[in-house]
Amino acid sequence: MPQEILLTKEGYERKKAELERLEHRLYKEIPERLKEAKVHGGDLRENKEYIYLKEEQEFIEREVRKLRELLENARIISEDEIRSDQVGIGTKVILEDTETGSFETYTLVSPAEVDLLQNRIGIDSPVGAALMGHAKGETIVVQAPAGKIRYRILGIERG
C-alpha cells in the first residue's frame with residue numbers, strides 16, 4: 001500500500017495546479033506541435049523537432065504519473081494539526097544565527113513540497129530535522145556541510 005504523504009493545503013493546491021498545467025501541455029500543446037512537425041515531412045527518425053517533442057512528451061508523462069500518485073496518496077494537514085507553540089510540519093519559524101546575528105524565516109513542509117526559493121524547507125533537511133519539536137526561545141544545533149550552526153528560535157507561527 002502506498003505511503004501517505006502529508007501536504008499543507010497550499011502545497012496540495014500548488015501540486016494540483018502543476019498537474020493541470022502539465023496535463024494541458026501533454027494533451028493539448030504537444031499533440032498540436034507533433035502534428036506540425038509531421039507536416040514538415042521527411043523521415044520522422046531524422047526530424048529533430050519531432051524527436052525532441054516525443055522526448056518531451058515522455059518526460060511530461062512521467063511527471064504527470066508522479067504528480068497523480070502524489071495527490072492520490074496525499075493527506076492535507078488540517079489547521080488544527082499545525083501548532084504555534086512547537087515546530088512541526090506547516091509551521092513558519094523565525095531563526096537567528098547565534099554567531100552572525102543574521103535572521104532566517106522558514107516554513108517546514110513535507111519533502112514533496114520543498115521550495116527553497118520560497119524558504120519552504122523539508123522536515124527531513126538538516127535544519128528542518130533539527131527544528132522539529134522545539135519551541136520558541138530554544139537554541140538548536142545544525143550539522144551543516146560547512147560545520148555546526150546554532151540557531152535560536154525567535155518565533156513560531158502557523159505557516
# chains A, B, ... in the order shown; residues from 1 in each chain; ligands from 1

call {"tool": "select_by_dssp", "arguments": {"residues": "chain A", "states": "strand (DSSP E)", "output": "PyMOL selection string"}}
result
chain A and resi 5-7+74-76+91-97+103-109+120-122+139-144+147-158

call {"tool": "residues_around", "arguments": {"residues": "Ile77 of chain A", "least_positions_apart": "6", "cutoff": "8 Å", "atoms": "only C-alpha atoms", "output": "PyMOL selection string"}}
result
chain A and resi 6-9+90

call {"tool": "select_by_dssp", "arguments": {"residues": "segment 4-113 of chain A", "states": "alpha helix (DSSP H)", "output": "PyMOL selection string"}}
result
chain A and resi 9-24+30-39+48-72

call {"tool": "residues_around", "arguments": {"residues": "segment 135-146 of chain A", "least_positions_apart": "6", "cutoff": "8 Å", "atoms": "only C-alpha atoms", "output": "list in words"}}
result
Asp85, Gln86, Val87, Pro126, Val127, Arg152, Ile153, Leu154, Gly155 and Ile156 of chain A

call {"tool": "residues_around", "arguments": {"residues": "Leu53 of chain A", "least_positions_apart": "4", "cutoff": "8 Å", "atoms": "only C-alpha atoms", "output": "PDB file with N, CA and C atoms, in the first residue's frame"}}
result
ATOM      1  N   ILE A  30       1.448  19.623 -26.927  1.00  0.00           N
ATOM      2  CA  ILE A  30       2.408  18.727 -27.590  1.00  0.00           C
ATOM      3  C   ILE A  30       1.767  18.000 -28.785  1.00  0.00           C
ATOM      4  N   ARG A  33       1.773  20.370 -31.651  1.00  0.00           N
ATOM      5  CA  ARG A  33       3.122  20.604 -32.164  1.00  0.00           C
ATOM      6  C   ARG A  33       3.656  19.367 -32.896  1.00  0.00           C
ATOM      7  N   LEU A  34       3.266  18.167 -32.453  1.00  0.00           N
ATOM      8  CA  LEU A  34       3.671  16.953 -33.148  1.00  0.00           C
ATOM      9  C   LEU A  34       3.060  16.895 -34.543  1.00  0.00           C
ATOM     10  N   GLU A  49      12.843  18.200 -34.609  1.00  0.00           N
ATOM     11  CA  GLU A  49      11.740  18.788 -33.841  1.00  0.00           C
ATOM     12  C   GLU A  49      10.804  17.690 -33.339  1.00  0.00           C
ATOM     13  N   GLN A  57       7.382  14.749 -24.496  1.00  0.00           N
ATOM     14  CA  GLN A  57       6.126  14.086 -24.175  1.00  0.00           C
ATOM     15  C   GLN A  57       6.350  12.958 -23.166  1.00  0.00           C
TER      16      GLN A  57
END

call {"tool": "residues_around", "arguments": {"residues": "Arg120 of chain A", "least_positions_apart": "6", "cutoff": "9 Å", "atoms": "only C-alpha atoms", "output": "VMD selection string"}}
result
chain A and resid 92 106 to 109 113 to 114

call {"tool": "write_last_selection", "arguments": {"atoms": "N, CA and C atoms", "output": "PDB file, in the first residue's frame"}}
result
ATOM      1  N   LYS A  92       5.768  28.103  10.414  1.00  0.00           N
ATOM      2  CA  LYS A  92       6.756  29.076   9.948  1.00  0.00           C
ATOM      3  C   LYS A  92       7.614  29.409  11.155  1.00  0.00           C
ATOM      4  N   TYR A 106      11.757  30.256   7.812  1.00  0.00           N
ATOM      5  CA  TYR A 106      11.470  29.061   7.032  1.00  0.00           C
ATOM      6  C   TYR A 106      10.076  28.552   7.360  1.00  0.00           C
ATOM      7  N   THR A 107       9.444  27.937   6.375  1.00  0.00           N
ATOM      8  CA  THR A 107       8.228  27.182   6.606  1.00  0.00           C
ATOM      9  C   THR A 107       8.599  25.720   6.431  1.00  0.00           C
ATOM     10  N   LEU A 108       8.274  24.896   7.421  1.00  0.00           N
ATOM     11  CA  LEU A 108       8.593  23.476   7.356  1.00  0.00           C
ATOM     12  C   LEU A 108       7.482  22.729   6.632  1.00  0.00           C
ATOM     13  N   VAL A 109       7.887  21.935   5.654  1.00  0.00           N
ATOM     14  CA  VAL A 109       6.935  21.203   4.823  1.00  0.00           C
ATOM     15  C   VAL A 109       7.434  19.774   4.618  1.00  0.00           C
ATOM     16  N   GLU A 113       6.951  18.989  -0.873  1.00  0.00           N
ATOM     17  CA  GLU A 113       6.595  20.405  -1.044  1.00  0.00           C
ATOM     18  C   GLU A 113       7.778  21.361  -1.020  1.00  0.00           C
ATOM     19  N   VAL A 114       8.970  20.856  -0.861  1.00  0.00           N
ATOM     20  CA  VAL A 114      10.147  21.723  -0.710  1.00  0.00           C
ATOM     21  C   VAL A 114      10.240  22.718  -1.867  1.00  0.00           C
TER      22      VAL A 114
END
